[in-house]
Amino acid sequence: MEVGDVREVAVGDCTDLYYVDTGMYGTSEYGAVYVLDDDRPAVVDTGIGTNHERILEALDEVGIDRDELAVIAVTHIHLDHAGGAGFLAEACPNADVYVPAIGARHLVDPSQLVAGTKAAVGDQWEYYVDPEPVPEDRIVELEEGDVVDLGTHELRVHEAPGHAPHQVVFEDPENDAVFTGDAAGIWVPRIEEILETSPPSNFDLEQCLEDVETLEEIDPDVLLYTHFGPRYVGDDAEAALEEYAAVLTEWVERVEEKRAELEDDEAVVDHFAASSEMADVWGEHKASAEAGMNARGVIGYLDHRD
């Protein structure tokens with residue numbers, strides 16, 4: 001899939017569902033934004049904002065007028081998921097922004113969110129743009145158990161705070177699918193592998209494993225990853241999710257062991273940044289930065305745990 005491509009989700013029994021590759025971090029097949037074409041059309045997650053025009057172009061391609069878009073839903077407020085919300089709200093005047101309640105204020109005033117993102121992503125900030133604030137009267141706060149009615153489809157809200165305390169996942173029962181945010185890891189379709197995501201500063205392994213259990217209880221046929229794309233799991237949902245639990249647990253153990261060996265946190269980060277095996281997929285810069293950021297998140301978790 002190339003940057004800017006818009007495709008219909010054609011796996012499982014999905015209908016009315018599309019996704020666009022936003023070209024996040026200057027690479028293809030890393031950042032997806034989903035479009036549900038229903039009575040109340042919706043966008044799920046919004047990218048980092050830098051390439052928000054590609055989402056608007058996707059709406060045009062699907063046939064949704066900008067004044068028809070009703071819902072802009074974000075799984076959490078990390079800027080790679082919510083950075084485009086203000087831009088889309090400005091371009092789509094009748095759409096409200098649906099966001100987990102604990103993070104809502106940071107979309108109204110994103111100054112702290114920007115500062116935290118800069119600290120977490122380091123020189124990856126070059127790919128970002130300062131987000132546009134979302135008007136407070138356009139915010140709809142979400143809690144566990146809420147349902148966003150779109151018509152034929154609905155988004156059922158399930159809290160999933162392991163990756164970040166402000167994260168939820170959205171269940172779409174009509175499509176037997178879940179928009180996973182970062183609760184199910186990073187799916188790399190090119191090599192059909194699942195990878196860890198453990199950024200600072202709120203990563204919590206035990207809670208992430210509980211979030212996997214939440215997804216197992218939903219038992220969807222299709223996992224809709226922001227990073228990246230739809231994945232049909234069918235009757236093997238539990239196995240696919242357990243695989244992520246194992247990947248994440250083993251990743252934390254590797255960082256912990258290397259930390260004990262090197263006794264220098266920056267050396268640990270540098271070690272994993274230099275040894276990423278994803279350069280052929282994402283490019284050397286993104287692969288290195290991703291691994292270093294995830295190592296730093298685990299170090300913070302270990303400090304908090306201990």
# chains A, B, ... in the order shown; residues from 1 in each chain; ligands from 1
$ closest_atom_pairs --of "stretch 104-128 of chain A" --to "stretch 278-293 of chain A" --cutoff "8 Å" --atoms "only C-alpha atoms" --output "Markdown table"
| residue | atom | partner | partner_atom | distance |
| --- | --- | --- | --- | --- |
| A:Ala120 | CA | A:Met293 | CA | 6.7 |
| A:Val121 | CA | A:Met293 | CA | 6.5 |
| A:Gln124 | CA | A:Ala289 | CA | 7.1 |
$ closest_atom_pairs --of "stretch 38-84 of chain A" --to "stretch 133-141 of chain A" --cutoff "12 Å" --atoms "only C-alpha atoms" --output "Markdown table"
| residue | atom | partner | partner_atom | distance |
| --- | --- | --- | --- | --- |
| A:Gly49 | CA | A:Pro133 | CA | 11.6 |
| A:Ala70 | CA | A:Arg138 | CA | 10.7 |
| A:Val71 | CA | A:Val140 | CA | 9.6 |
| A:Ile72 | CA | A:Ile139 | CA | 9.6 |
| A:Ala73 | CA | A:Val140 | CA | 9.2 |
| A:Val74 | CA | A:Glu141 | CA | 10.7 |
| A:Thr75 | CA | A:Glu141 | CA | 11.7 |
| A:His76 | CA | A:Glu141 | CA | 11.5 |
| A:Ala82 | CA | A:Val134 | CA | 10.5 |
| A:Gly83 | CA | A:Pro133 | CA | 9.5 |
| A:Gly84 | CA | A:Pro133 | CA | 9.8 |
$ write_last_selection --atoms "all heavy atoms" --output "PDB file, in the first residue's frame"
ATOM      1  N   GLY A  49      -1.526  14.908  12.116  1.00  0.00           N
ATOM      2  CA  GLY A  49      -1.945  16.234  11.678  1.00  0.00           C
ATOM      3  C   GLY A  49      -1.179  16.739  10.477  1.00  0.00           C
ATOM      4  O   GLY A  49      -1.717  17.497   9.663  1.00  0.00           O
ATOM      5  N   ALA A  70     -19.875  13.484  10.773  1.00  0.00           N
ATOM      6  CA  ALA A  70     -20.519  13.722  12.064  1.00  0.00           C
ATOM      7  C   ALA A  70     -19.611  13.414  13.247  1.00  0.00           C
ATOM      8  O   ALA A  70     -19.754  14.018  14.312  1.00  0.00           O
ATOM      9  CB  ALA A  70     -21.798  12.885  12.173  1.00  0.00           C
ATOM     10  N   VAL A  71     -18.695  12.436  13.082  1.00  0.00           N
ATOM     11  CA  VAL A  71     -17.930  11.923  14.217  1.00  0.00           C
ATOM     12  C   VAL A  71     -16.452  11.867  13.858  1.00  0.00           C
ATOM     13  O   VAL A  71     -16.079  11.308  12.820  1.00  0.00           O
ATOM     14  CB  VAL A  71     -18.417  10.506  14.615  1.00  0.00           C
ATOM     15  CG1 VAL A  71     -17.509   9.882  15.676  1.00  0.00           C
ATOM     16  CG2 VAL A  71     -19.863  10.569  15.111  1.00  0.00           C
ATOM     17  N   ILE A  72     -15.632  12.454  14.714  1.00  0.00           N
ATOM     18  CA  ILE A  72     -14.180  12.295  14.677  1.00  0.00           C
ATOM     19  C   ILE A  72     -13.826  11.632  16.003  1.00  0.00           C
ATOM     20  O   ILE A  72     -13.895  12.264  17.059  1.00  0.00           O
ATOM     21  CB  ILE A  72     -13.454  13.638  14.532  1.00  0.00           C
ATOM     22  CG1 ILE A  72     -13.883  14.364  13.254  1.00  0.00           C
ATOM     23  CG2 ILE A  72     -11.932  13.436  14.575  1.00  0.00           C
ATOM     24  CD1 ILE A  72     -13.489  15.833  13.216  1.00  0.00           C
ATOM     25  N   ALA A  73     -13.501  10.337  15.963  1.00  0.00           N
ATOM     26  CA  ALA A  73     -13.284   9.569  17.191  1.00  0.00           C
ATOM     27  C   ALA A  73     -11.809   9.203  17.301  1.00  0.00           C
ATOM     28  O   ALA A  73     -11.219   8.678  16.345  1.00  0.00           O
ATOM     29  CB  ALA A  73     -14.136   8.299  17.188  1.00  0.00           C
ATOM     30  N   VAL A  74     -11.222   9.465  18.466  1.00  0.00           N
ATOM     31  CA  VAL A  74      -9.814   9.111  18.681  1.00  0.00           C
ATOM     32  C   VAL A  74      -9.724   8.088  19.809  1.00  0.00           C
ATOM     33  O   VAL A  74     -10.414   8.199  20.826  1.00  0.00           O
ATOM     34  CB  VAL A  74      -8.947  10.347  18.981  1.00  0.00           C
ATOM     35  CG1 VAL A  74      -8.963  11.302  17.796  1.00  0.00           C
ATOM     36  CG2 VAL A  74      -9.376  11.065  20.250  1.00  0.00           C
ATOM     37  N   THR A  75      -8.864   7.083  19.591  1.00  0.00           N
ATOM     38  CA  THR A  75      -8.705   6.046  20.608  1.00  0.00           C
ATOM     39  C   THR A  75      -7.954   6.561  21.821  1.00  0.00           C
ATOM     40  O   THR A  75      -8.179   6.087  22.938  1.00  0.00           O
ATOM     41  CB  THR A  75      -7.952   4.839  20.036  1.00  0.00           C
ATOM     42  OG1 THR A  75      -6.694   5.268  19.494  1.00  0.00           O
ATOM     43  CG2 THR A  75      -8.770   4.147  18.953  1.00  0.00           C
ATOM     44  N   HIS A  76      -7.046   7.497  21.615  1.00  0.00           N
ATOM     45  CA  HIS A  76      -6.341   8.151  22.732  1.00  0.00           C
ATOM     46  C   HIS A  76      -5.696   9.415  22.203  1.00  0.00           C
ATOM     47  O   HIS A  76      -5.722   9.693  21.002  1.00  0.00           O
ATOM     48  CB  HIS A  76      -5.335   7.225  23.412  1.00  0.00           C
ATOM     49  CG  HIS A  76      -4.270   6.635  22.557  1.00  0.00           C
ATOM     50  ND1 HIS A  76      -4.524   5.810  21.490  1.00  0.00           N
ATOM     51  CD2 HIS A  76      -2.915   6.720  22.620  1.00  0.00           C
ATOM     52  CE1 HIS A  76      -3.397   5.405  20.938  1.00  0.00           C
ATOM     53  NE2 HIS A  76      -2.394   5.962  21.598  1.00  0.00           N
ATOM     54  N   ALA A  82      -4.293  11.505  17.591  1.00  0.00           N
ATOM     55  CA  ALA A  82      -5.218  12.625  17.774  1.00  0.00           C
ATOM     56  C   ALA A  82      -4.700  13.947  17.223  1.00  0.00           C
ATOM     57  O   ALA A  82      -5.399  14.956  17.294  1.00  0.00           O
ATOM     58  CB  ALA A  82      -5.539  12.790  19.273  1.00  0.00           C
ATOM     59  N   GLY A  83      -3.496  13.959  16.658  1.00  0.00           N
ATOM     60  CA  GLY A  83      -2.912  15.217  16.217  1.00  0.00           C
ATOM     61  C   GLY A  83      -3.669  15.896  15.096  1.00  0.00           C
ATOM     62  O   GLY A  83      -3.578  17.116  14.918  1.00  0.00           O
ATOM     63  N   GLY A  84      -4.435  15.144  14.333  1.00  0.00           N
ATOM     64  CA  GLY A  84      -5.194  15.732  13.238  1.00  0.00           C
ATOM     65  C   GLY A  84      -6.602  16.154  13.598  1.00  0.00           C
ATOM     66  O   GLY A  84      -7.317  16.715  12.763  1.00  0.00           O
TER      67      GLY A  84
END
$ residues_around --residues "A:Glu256" --least-positions-apart "3" --cutoff "12 Å" --atoms "only C-alpha atoms" --output "MDAnalysis selection string"
chainID A and resid 249:253 259:265 268:269 272 295:303 305:306
$ residues_around --residues "A:Pro220" --least-positions-apart "5" --cutoff "10 Å" --atoms "only C-alpha atoms" --output "ChimeraX atom specification"
/A:12,171-173,175-178,215,232-238
$ write_last_selection --atoms "C-alpha atoms" --output "PDB file, in the first residue's frame"
ATOM      1  CA  GLY A  12     -14.275 -10.674   7.301  1.00  0.00           C
ATOM      2  CA  GLU A 171     -15.906  -2.168  19.047  1.00  0.00           C
ATOM      3  CA  ASP A 172     -17.955  -2.177  15.839  1.00  0.00           C
ATOM      4  CA  PRO A 173     -20.352  -5.129  16.333  1.00  0.00           C
ATOM      5  CA  ASN A 175     -18.421  -5.471  11.349  1.00  0.00           C
ATOM      6  CA  ASP A 176     -17.340  -7.840  14.126  1.00  0.00           C
ATOM      7  CA  ALA A 177     -14.263  -5.634  14.358  1.00  0.00           C
ATOM      8  CA  VAL A 178     -12.336  -3.566  16.886  1.00  0.00           C
ATOM      9  CA  LEU A 215      -9.958  -7.672  23.466  1.00  0.00           C
ATOM     10  CA  TYR A 232      -8.460 -10.810   9.754  1.00  0.00           C
ATOM     11  CA  VAL A 233      -8.118 -13.166  12.726  1.00  0.00           C
ATOM     12  CA  GLY A 234     -11.462 -14.999  12.591  1.00  0.00           C
ATOM     13  CA  ASP A 235     -11.621 -17.888  15.029  1.00  0.00           C
ATOM     14  CA  ASP A 236      -7.959 -17.286  15.937  1.00  0.00           C
ATOM     15  CA  ALA A 237      -8.475 -13.951  17.718  1.00  0.00           C
ATOM     16  CA  GLU A 238      -7.383 -15.330  21.077  1.00  0.00           C
TER      17      GLU A 238
END
$ select_by_dssp --residues "stretch 13-249 of chain A" --states "strand (DSSP E)" --output "MDAnalysis selection string"
chainID A and resid 17:21 32:36 42:44 71:73 96:100 139:142 147:149 154:159 168:172 177:181 186:188 193:195 222:225 229:232
$ closest_residue --among "A:Asp67, A:Asp13, A:Glu217, A:Glu174" --to "A:Pro41" --atoms "only C-alpha atoms"
A:Asp67
